[in-house]
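Participant: Sharing a structure below in structure tokens format, with a few things to ask.
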Amino acid sequence: EIYHGITYGAPAVSTLEASNAIINGAQSDLAEQHALSCSGGGNCWGGWYTPIYDWLGAGKDGLQTEQAVPYQGSDDKCSSGGKTPYEVETWGWVDPVDTQPKVDEIKAAMCKYGAITAAVTATPAFIAYSGGVFDERSNSQVNHAVTLVGWDDSKGAWLLRNSWGTNWGEDGYMWIEYGSNNVGAYSAWAMVEEDANAANNSNNGPVVKDFSERNLRVTND
């Protein structure tokens, strides 16, 4: 996706892949192009990620795989058909009231749901990042979507997965200091269900399931 406005598709799909791995034990490679062309969330010049979750949870077919719909990097017409068994069971904001959730709120959501889709301010310094802990702390408006996949309190930083390829940052990842460049703004989680019956747009959507919470406790002796 071209760096203009909010680039949204890859972080949303990355979050769904992580959710599918955690909840269903699946190693799915899902199609960013399908989301870009069909979700209505935006185009190559920018957009937003939550319409993708709404689209996938609205009772229609889910997301195609990367093999079925390879990424083209263009605003292709939506023509993806066939069986698409990856649907969004549910999604939500980490903090429904505050657009900039607290660090502990994001950590708790990550422990419960897995990877988090979030916005960040991508400045020239952010774009030029090559390693270490990024700590610019720009207060400019957010303009880029990323996936938060972990944290390290000894670094005081999130582990951020970007969508600009493995030549960027540390093999496509960045350590970014808590609070730097509005990281974590508009944080959202999503949960994926594999629905084998998602064969056409008349499908009633995923069957509601009961998901158990995952908790992590660390004791410092």
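Labels for the structure tokens follow display order: chains A, B, ..., residues from 1 in each chain, ligands from 1.
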Report as a PyMOL selection string all protein, DNA and RNA residues lying within 7 Å of Gly57 (chain A), evaluated on only C-alpha atoms, omitting residues in the same chain fewer than 6 positions from it.
Facilitator: chain A and resi 87-90+205
Participant: Hey, what's within 10 Å of Ile127 (chain A) if we count only C-alpha atoms and toss same-chain stuff fewer than 2 positions away? As a list of chain:residue names, please?
Facilitator: A:Tyr3, A:Ala122, A:Thr123, A:Pro124, A:Ala125, A:Tyr129, A:Ser130, A:Trp164, A:Trp168, A:Gly169
Participant: Keeping only all heavy atoms, take the residues you just selected and write them out as a PDB file, in the first residue's frame.
Facilitator:
```
ATOM      1  N   TYR A   3       2.194   4.966   0.764  1.00  0.00           N
ATOM      2  CA  TYR A   3       2.199   5.772   1.987  1.00  0.00           C
ATOM      3  C   TYR A   3       1.484   7.102   1.749  1.00  0.00           C
ATOM      4  O   TYR A   3       2.063   8.103   1.383  1.00  0.00           O
ATOM      5  CB  TYR A   3       3.639   6.009   2.454  1.00  0.00           C
ATOM      6  CG  TYR A   3       3.737   6.950   3.624  1.00  0.00           C
ATOM      7  CD1 TYR A   3       3.247   6.572   4.863  1.00  0.00           C
ATOM      8  CD2 TYR A   3       4.284   8.221   3.477  1.00  0.00           C
ATOM      9  CE1 TYR A   3       3.318   7.430   5.943  1.00  0.00           C
ATOM     10  CE2 TYR A   3       4.353   9.087   4.554  1.00  0.00           C
ATOM     11  CZ  TYR A   3       3.877   8.689   5.781  1.00  0.00           C
ATOM     12  OH  TYR A   3       3.955   9.553   6.831  1.00  0.00           O
ATOM     13  N   ALA A 122       3.516   8.226  11.380  1.00  0.00           N
ATOM     14  CA  ALA A 122       4.680   7.822  10.594  1.00  0.00           C
ATOM     15  C   ALA A 122       5.338   9.070  10.010  1.00  0.00           C
ATOM     16  O   ALA A 122       4.886   9.619   9.017  1.00  0.00           O
ATOM     17  CB  ALA A 122       4.273   6.859   9.488  1.00  0.00           C
ATOM     18  N   THR A 123       6.391   9.528  10.664  1.00  0.00           N
ATOM     19  CA  THR A 123       7.158  10.692  10.235  1.00  0.00           C
ATOM     20  C   THR A 123       8.319  10.242   9.344  1.00  0.00           C
ATOM     21  O   THR A 123       8.566   9.044   9.191  1.00  0.00           O
ATOM     22  CB  THR A 123       7.720  11.411  11.465  1.00  0.00           C
ATOM     23  OG1 THR A 123       8.598  10.487  12.146  1.00  0.00           O
ATOM     24  CG2 THR A 123       6.606  11.849  12.418  1.00  0.00           C
ATOM     25  N   PRO A 124       9.070  11.183   8.766  1.00  0.00           N
ATOM     26  CA  PRO A 124      10.278  10.787   8.032  1.00  0.00           C
ATOM     27  C   PRO A 124      11.241   9.963   8.871  1.00  0.00           C
ATOM     28  O   PRO A 124      11.862   9.017   8.363  1.00  0.00           O
ATOM     29  CB  PRO A 124      10.888  12.133   7.624  1.00  0.00           C
ATOM     30  CG  PRO A 124       9.693  13.026   7.466  1.00  0.00           C
ATOM     31  CD  PRO A 124       8.746  12.617   8.552  1.00  0.00           C
ATOM     32  N   ALA A 125      11.349  10.283  10.168  1.00  0.00           N
ATOM     33  CA  ALA A 125      12.221   9.504  11.040  1.00  0.00           C
ATOM     34  C   ALA A 125      11.689   8.086  11.223  1.00  0.00           C
ATOM     35  O   ALA A 125      12.448   7.117  11.263  1.00  0.00           O
ATOM     36  CB  ALA A 125      12.368  10.191  12.397  1.00  0.00           C
ATOM     37  N   TYR A 129      13.528   4.378  10.047  1.00  0.00           N
ATOM     38  CA  TYR A 129      13.945   3.516  11.162  1.00  0.00           C
ATOM     39  C   TYR A 129      14.666   2.267  10.662  1.00  0.00           C
ATOM     40  O   TYR A 129      14.217   1.605   9.721  1.00  0.00           O
ATOM     41  CB  TYR A 129      12.715   3.117  11.970  1.00  0.00           C
ATOM     42  CG  TYR A 129      12.954   2.048  13.008  1.00  0.00           C
ATOM     43  CD1 TYR A 129      13.520   2.353  14.245  1.00  0.00           C
ATOM     44  CD2 TYR A 129      12.608   0.718  12.752  1.00  0.00           C
ATOM     45  CE1 TYR A 129      13.732   1.362  15.198  1.00  0.00           C
ATOM     46  CE2 TYR A 129      12.807  -0.275  13.706  1.00  0.00           C
ATOM     47  CZ  TYR A 129      13.377   0.058  14.920  1.00  0.00           C
ATOM     48  OH  TYR A 129      13.581  -0.922  15.858  1.00  0.00           O
ATOM     49  N   SER A 130      15.774   1.920  11.336  1.00  0.00           N
ATOM     50  CA  SER A 130      16.527   0.732  10.943  1.00  0.00           C
ATOM     51  C   SER A 130      16.826  -0.205  12.111  1.00  0.00           C
ATOM     52  O   SER A 130      17.304  -1.321  11.892  1.00  0.00           O
ATOM     53  CB  SER A 130      17.848   1.131  10.270  1.00  0.00           C
ATOM     54  OG  SER A 130      18.644   1.898  11.163  1.00  0.00           O
ATOM     55  N   TRP A 164       5.723  -2.832   5.494  1.00  0.00           N
ATOM     56  CA  TRP A 164       6.599  -2.308   4.446  1.00  0.00           C
ATOM     57  C   TRP A 164       7.697  -3.290   4.040  1.00  0.00           C
ATOM     58  O   TRP A 164       8.696  -2.896   3.456  1.00  0.00           O
ATOM     59  CB  TRP A 164       7.230  -0.982   4.915  1.00  0.00           C
ATOM     60  CG  TRP A 164       6.225   0.109   5.078  1.00  0.00           C
ATOM     61  CD1 TRP A 164       4.969   0.157   4.557  1.00  0.00           C
ATOM     62  CD2 TRP A 164       6.390   1.323   5.819  1.00  0.00           C
ATOM     63  NE1 TRP A 164       4.334   1.316   4.931  1.00  0.00           N
ATOM     64  CE2 TRP A 164       5.186   2.046   5.707  1.00  0.00           C
ATOM     65  CE3 TRP A 164       7.439   1.863   6.572  1.00  0.00           C
ATOM     66  CZ2 TRP A 164       5.005   3.290   6.303  1.00  0.00           C
ATOM     67  CZ3 TRP A 164       7.251   3.099   7.165  1.00  0.00           C
ATOM     68  CH2 TRP A 164       6.053   3.807   7.031  1.00  0.00           C
ATOM     69  N   TRP A 168      12.601  -3.195   5.859  1.00  0.00           N
ATOM     70  CA  TRP A 168      12.391  -2.036   6.736  1.00  0.00           C
ATOM     71  C   TRP A 168      12.611  -2.453   8.181  1.00  0.00           C
ATOM     72  O   TRP A 168      12.217  -3.547   8.611  1.00  0.00           O
ATOM     73  CB  TRP A 168      10.969  -1.501   6.569  1.00  0.00           C
ATOM     74  CG  TRP A 168      10.675  -0.323   7.456  1.00  0.00           C
ATOM     75  CD1 TRP A 168      10.928   0.992   7.200  1.00  0.00           C
ATOM     76  CD2 TRP A 168      10.069  -0.369   8.765  1.00  0.00           C
ATOM     77  NE1 TRP A 168      10.520   1.767   8.259  1.00  0.00           N
ATOM     78  CE2 TRP A 168      10.005   0.964   9.240  1.00  0.00           C
ATOM     79  CE3 TRP A 168       9.610  -1.405   9.569  1.00  0.00           C
ATOM     80  CZ2 TRP A 168       9.463   1.278  10.480  1.00  0.00           C
ATOM     81  CZ3 TRP A 168       9.074  -1.091  10.814  1.00  0.00           C
ATOM     82  CH2 TRP A 168       9.005   0.240  11.255  1.00  0.00           C
ATOM     83  N   GLY A 169      13.237  -1.556   8.968  1.00  0.00           N
ATOM     84  CA  GLY A 169      13.377  -1.792  10.404  1.00  0.00           C
ATOM     85  C   GLY A 169      14.166  -3.039  10.724  1.00  0.00           C
ATOM     86  O   GLY A 169      15.153  -3.364  10.056  1.00  0.00           O
TER      87      GLY A 169
END
```
Participant: May I ask for the distance between CA of Pro101 (chain A) and CA of Leu36 (chain A), given in Å to one decimal place?
Facilitator: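 So the answer is 26.9 Å.
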Participant: Using only C-alpha atoms, which residue out of A:Gln100, A:Cys111, A:Ile52, A:His34 lies closest to Cys78 (chain A)?
Facilitator: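 Looking at the shortest contact to Cys78 (chain A), the residue is A:His34.
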Participant: Could you give me, as a PDB file with N, CA, C and O atoms, in the first residue's frame, the residues within 6 Å of region 185-191 of chain A, counting only C-alpha atoms and dropping anything in the same chain fewer than 4 positions from it?
Facilitator:
```pdb
ATOM      1  N   SER A  19      -5.113 -13.805  15.104  1.00  0.00           N
ATOM      2  CA  SER A  19      -6.277 -14.305  15.829  1.00  0.00           C
ATOM      3  C   SER A  19      -6.603 -15.728  15.398  1.00  0.00           C
ATOM      4  O   SER A  19      -6.901 -16.592  16.219  1.00  0.00           O
ATOM      5  N   VAL A  88     -14.969 -12.689  10.617  1.00  0.00           N
ATOM      6  CA  VAL A  88     -14.766 -12.062  11.917  1.00  0.00           C
ATOM      7  C   VAL A  88     -15.932 -12.425  12.828  1.00  0.00           C
ATOM      8  O   VAL A  88     -17.089 -12.136  12.521  1.00  0.00           O
ATOM      9  N   GLU A  89     -15.607 -13.092  13.928  1.00  0.00           N
ATOM     10  CA  GLU A  89     -16.617 -13.431  14.923  1.00  0.00           C
ATOM     11  C   GLU A  89     -17.066 -12.180  15.655  1.00  0.00           C
ATOM     12  O   GLU A  89     -18.257 -11.926  15.816  1.00  0.00           O
ATOM     13  N   THR A  90     -16.107 -11.384  16.101  1.00  0.00           N
ATOM     14  CA  THR A  90     -16.409 -10.127  16.775  1.00  0.00           C
ATOM     15  C   THR A  90     -15.150  -9.285  16.824  1.00  0.00           C
ATOM     16  O   THR A  90     -14.044  -9.794  16.644  1.00  0.00           O
ATOM     17  N   TRP A  91     -15.306  -7.987  17.001  1.00  0.00           N
ATOM     18  CA  TRP A  91     -14.162  -7.096  17.176  1.00  0.00           C
ATOM     19  C   TRP A  91     -14.581  -5.964  18.108  1.00  0.00           C
ATOM     20  O   TRP A  91     -15.770  -5.756  18.375  1.00  0.00           O
ATOM     21  N   GLY A  92     -13.609  -5.226  18.627  1.00  0.00           N
ATOM     22  CA  GLY A  92     -13.934  -4.115  19.508  1.00  0.00           C
ATOM     23  C   GLY A  92     -12.746  -3.195  19.715  1.00  0.00           C
ATOM     24  O   GLY A  92     -11.600  -3.540  19.413  1.00  0.00           O
ATOM     25  N   TRP A  93     -13.029  -2.009  20.222  1.00  0.00           N
ATOM     26  CA  TRP A  93     -11.979  -1.057  20.573  1.00  0.00           C
ATOM     27  C   TRP A  93     -11.375  -1.442  21.915  1.00  0.00           C
ATOM     28  O   TRP A  93     -12.088  -1.884  22.811  1.00  0.00           O
ATOM     29  N   VAL A  94     -10.090  -1.272  22.060  1.00  0.00           N
ATOM     30  CA  VAL A  94      -9.452  -1.513  23.351  1.00  0.00           C
ATOM     31  C   VAL A  94     -10.047  -0.581  24.406  1.00  0.00           C
ATOM     32  O   VAL A  94     -10.316  -0.983  25.533  1.00  0.00           O
ATOM     33  N   THR A  99      -9.541   7.526  22.564  1.00  0.00           N
ATOM     34  CA  THR A  99      -8.884   7.067  21.336  1.00  0.00           C
ATOM     35  C   THR A  99      -7.430   6.677  21.566  1.00  0.00           C
ATOM     36  O   THR A  99      -6.829   6.018  20.723  1.00  0.00           O
ATOM     37  N   GLN A 100      -6.852   7.074  22.705  1.00  0.00           N
ATOM     38  CA  GLN A 100      -5.473   6.704  23.032  1.00  0.00           C
ATOM     39  C   GLN A 100      -5.499   5.873  24.303  1.00  0.00           C
ATOM     40  O   GLN A 100      -5.385   6.390  25.413  1.00  0.00           O
ATOM     41  N   ILE A 116      -2.885  -6.617  18.148  1.00  0.00           N
ATOM     42  CA  ILE A 116      -3.775  -5.460  18.165  1.00  0.00           C
ATOM     43  C   ILE A 116      -3.495  -4.593  16.930  1.00  0.00           C
ATOM     44  O   ILE A 116      -2.337  -4.289  16.619  1.00  0.00           O
ATOM     45  N   THR A 117      -4.546  -4.184  16.237  1.00  0.00           N
ATOM     46  CA  THR A 117      -4.400  -3.206  15.162  1.00  0.00           C
ATOM     47  C   THR A 117      -4.456  -1.815  15.771  1.00  0.00           C
ATOM     48  O   THR A 117      -5.308  -1.537  16.617  1.00  0.00           O
ATOM     49  N   ALA A 118      -3.547  -0.937  15.351  1.00  0.00           N
ATOM     50  CA  ALA A 118      -3.479   0.393  15.946  1.00  0.00           C
ATOM     51  C   ALA A 118      -2.919   1.397  14.946  1.00  0.00           C
ATOM     52  O   ALA A 118      -2.355   1.022  13.912  1.00  0.00           O
ATOM     53  N   ALA A 119      -3.084   2.665  15.272  1.00  0.00           N
ATOM     54  CA  ALA A 119      -2.556   3.744  14.443  1.00  0.00           C
ATOM     55  C   ALA A 119      -1.301   4.325  15.077  1.00  0.00           C
ATOM     56  O   ALA A 119      -1.054   4.173  16.279  1.00  0.00           O
TER      57      ALA A 119
END
```
Participant: Could you tell me which of A:Thr166, A:Thr121, A:Gln27, A:Asn181 comes closest to Asn143 (chain A) if we count only C-alpha atoms?
Facilitator: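 Result for the nearest residue to Asn143 (chain A): A:Thr121.
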Participant: Could you work out how far CA of Leu159 (chain A) lies from CA of Ser180 (chain A), giving the answer in Å with one decimal?
Facilitator: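 So the answer is 12.4 Å.
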Participant: Hey, can you check how far CA of Gln72 (chain A) sits from CA of Arg161 (chain A)?
Facilitator: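 A separation of 20.8 Å between them.
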Participant: Could you tell me which of A:Val133, A:Ala128, A:Met110, A:Val69 comes closest to Thr147 (chain A) if we count only C-alpha atoms?
Facilitator: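 Closest candidate: A:Met110.
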Participant: Please determine, counting only C-alpha atoms, which residue among A:Asp153, A:Glu136, A:Asp104, A:Glu170 has the shortest atom-to-atom distance to Gly184 (chain A).
Facilitator: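 Counting only C-alpha atoms, the residue closest to Gly184 (chain A) is A:Asp104.
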Participant: Would you please work out which residue, of A:Asn220, A:Asn167, A:Asn182, A:Thr15, is nearest to Val120 (chain A) when using only C-alpha atoms?
Facilitator: A:Asn182
Participant: Name the closest residue to Tyr173 (chain A) among the candidates A:Trp158, A:Tyr49, A:Trp55, A:Tyr113; distances are taken between atoms, counting only C-alpha atoms.
Facilitator: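 Going through A:Trp158, A:Tyr49, A:Trp55, A:Tyr113 one by one, the smallest distance to Tyr173 (chain A) is for A:Trp158.
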Participant: Within 12 Å of Asp152 (chain A), counting only C-alpha atoms, which residues qualify if same-chain residues fewer than 6 places away don't, as an NGL selection string?
Facilitator: :A and (103 or 107 or 133 or 158-160 or 174-178)
Participant: Can you list, as a PyMOL selection string, all residues belonging to region 67-195 of chain A that DSSP tags as helix (DSSP H, G or I)?
Facilitator: chain A and resi 103-113+124-127+180-182
Participant: Would you put the residues from that selection into a file with all heavy atoms, as a compact mmCIF listing (two decimals), in the first residue's frame?
Facilitator:
```
# COMPACT_ATOMS: atom_id res chain seq x y z
N VAL A 103 -1.34 2.19 28.35
CA VAL A 103 -0.43 1.07 28.07
C VAL A 103 -0.98 -0.22 28.67
O VAL A 103 -1.00 -1.27 28.02
CB VAL A 103 0.98 1.38 28.61
CG1 VAL A 103 1.86 0.13 28.56
CG2 VAL A 103 1.63 2.51 27.81
N ASP A 104 -1.42 -0.17 29.93
CA ASP A 104 -1.92 -1.38 30.58
C ASP A 104 -3.18 -1.92 29.91
O ASP A 104 -3.41 -3.14 29.90
CB ASP A 104 -2.19 -1.11 32.06
CG ASP A 104 -0.92 -0.98 32.88
OD1 ASP A 104 0.15 -1.36 32.36
OD2 ASP A 104 -0.99 -0.50 34.03
N GLU A 105 -4.00 -1.04 29.36
CA GLU A 105 -5.21 -1.49 28.66
C GLU A 105 -4.84 -2.26 27.39
O GLU A 105 -5.45 -3.28 27.07
CB GLU A 105 -6.09 -0.30 28.31
CG GLU A 105 -6.76 0.37 29.50
CD GLU A 105 -7.60 1.57 29.10
OE1 GLU A 105 -7.16 2.35 28.22
OE2 GLU A 105 -8.69 1.73 29.67
N ILE A 106 -3.85 -1.76 26.66
CA ILE A 106 -3.42 -2.44 25.44
C ILE A 106 -2.79 -3.79 25.78
O ILE A 106 -3.05 -4.79 25.12
CB ILE A 106 -2.44 -1.56 24.64
CG1 ILE A 106 -3.12 -0.25 24.22
CG2 ILE A 106 -1.93 -2.30 23.41
CD1 ILE A 106 -2.20 0.72 23.51
N LYS A 107 -1.98 -3.82 26.84
CA LYS A 107 -1.38 -5.08 27.26
C LYS A 107 -2.46 -6.11 27.62
O LYS A 107 -2.37 -7.28 27.24
CB LYS A 107 -0.47 -4.86 28.47
CG LYS A 107 0.83 -4.14 28.17
CD LYS A 107 1.63 -3.96 29.46
CE LYS A 107 2.96 -3.26 29.22
NZ LYS A 107 3.72 -3.07 30.48
N ALA A 108 -3.46 -5.68 28.36
CA ALA A 108 -4.53 -6.59 28.78
C ALA A 108 -5.29 -7.13 27.56
O ALA A 108 -5.61 -8.32 27.49
CB ALA A 108 -5.49 -5.88 29.73
N ALA A 109 -5.55 -6.25 26.59
CA ALA A 109 -6.25 -6.68 25.39
C ALA A 109 -5.41 -7.65 24.58
O ALA A 109 -5.91 -8.63 24.01
CB ALA A 109 -6.62 -5.46 24.54
N MET A 110 -4.10 -7.41 24.56
CA MET A 110 -3.20 -8.30 23.82
C MET A 110 -3.14 -9.68 24.47
O MET A 110 -3.10 -10.70 23.78
CB MET A 110 -1.81 -7.67 23.74
CG MET A 110 -0.93 -8.24 22.65
SD MET A 110 0.67 -7.39 22.54
CE MET A 110 0.16 -5.76 22.01
N CYS A 111 -3.16 -9.72 25.80
CA CYS A 111 -3.16 -11.00 26.51
C CYS A 111 -4.46 -11.76 26.26
O CYS A 111 -4.45 -12.99 26.20
CB CYS A 111 -2.99 -10.78 28.01
SG CYS A 111 -1.32 -10.33 28.51
N LYS A 112 -5.55 -11.05 26.10
CA LYS A 112 -6.85 -11.69 25.93
C LYS A 112 -7.13 -12.08 24.49
O LYS A 112 -7.67 -13.17 24.22
CB LYS A 112 -7.94 -10.74 26.42
CG LYS A 112 -9.34 -11.36 26.42
CD LYS A 112 -10.34 -10.44 27.07
CE LYS A 112 -11.73 -11.08 27.11
NZ LYS A 112 -12.73 -10.20 27.77
N TYR A 113 -6.74 -11.20 23.53
CA TYR A 113 -7.15 -11.41 22.15
C TYR A 113 -6.00 -11.68 21.18
O TYR A 113 -6.23 -12.11 20.06
CB TYR A 113 -7.92 -10.19 21.64
CG TYR A 113 -9.15 -9.88 22.44
CD1 TYR A 113 -9.20 -8.78 23.28
CD2 TYR A 113 -10.28 -10.70 22.36
CE1 TYR A 113 -10.33 -8.49 24.03
CE2 TYR A 113 -11.41 -10.42 23.10
CZ TYR A 113 -11.44 -9.31 23.93
OH TYR A 113 -12.55 -9.04 24.66
N PRO A 124 9.07 11.18 8.77
CA PRO A 124 10.28 10.79 8.03
C PRO A 124 11.24 9.96 8.87
O PRO A 124 11.86 9.02 8.36
CB PRO A 124 10.89 12.13 7.62
CG PRO A 124 9.69 13.03 7.47
CD PRO A 124 8.75 12.62 8.55
N ALA A 125 11.35 10.28 10.17
CA ALA A 125 12.22 9.50 11.04
C ALA A 125 11.69 8.09 11.22
O ALA A 125 12.45 7.12 11.26
CB ALA A 125 12.37 10.19 12.40
N PHE A 126 10.38 7.96 11.35
CA PHE A 126 9.75 6.64 11.47
C PHE A 126 10.03 5.83 10.21
O PHE A 126 10.39 4.65 10.27
CB PHE A 126 8.25 6.82 11.68
CG PHE A 126 7.47 5.54 11.87
CD1 PHE A 126 7.12 5.10 13.13
CD2 PHE A 126 7.07 4.79 10.76
CE1 PHE A 126 6.38 3.93 13.29
CE2 PHE A 126 6.35 3.62 10.92
CZ PHE A 126 6.00 3.19 12.19
N ILE A 127 9.86 6.44 9.07
CA ILE A 127 10.07 5.75 7.79
C ILE A 127 11.51 5.29 7.65
O ILE A 127 11.79 4.23 7.09
CB ILE A 127 9.67 6.67 6.61
CG1 ILE A 127 8.17 6.98 6.68
CG2 ILE A 127 10.02 6.04 5.27
CD1 ILE A 127 7.73 8.08 5.74
N SER A 180 5.31 6.99 22.17
CA SER A 180 6.00 7.65 21.07
C SER A 180 5.12 7.70 19.83
O SER A 180 4.52 6.71 19.43
CB SER A 180 7.30 6.89 20.75
OG SER A 180 7.99 7.51 19.69
N ASN A 181 5.02 8.88 19.23
CA ASN A 181 4.32 9.06 17.96
C ASN A 181 2.88 8.53 17.98
O ASN A 181 2.39 7.97 17.00
CB ASN A 181 5.10 8.42 16.81
CG ASN A 181 6.35 9.19 16.45
OD1 ASN A 181 7.03 9.70 17.33
ND2 ASN A 181 6.67 9.29 15.18
N ASN A 182 2.23 8.72 19.13
CA ASN A 182 0.83 8.33 19.30
C ASN A 182 0.58 6.84 19.07
O ASN A 182 -0.54 6.43 18.75
CB ASN A 182 -0.08 9.14 18.35
CG ASN A 182 0.07 10.63 18.52
OD1 ASN A 182 -0.17 11.17 19.59
ND2 ASN A 182 0.51 11.32 17.46
```
Participant: Write out as a PyMOL selection string each polymer residue whose atoms come within 9 Å of Tyr71 (chain A), counting only C-alpha atoms; drop sequence neighbours fewer than 4 positions from it.
Facilitator: chain A and resi 31-34+66
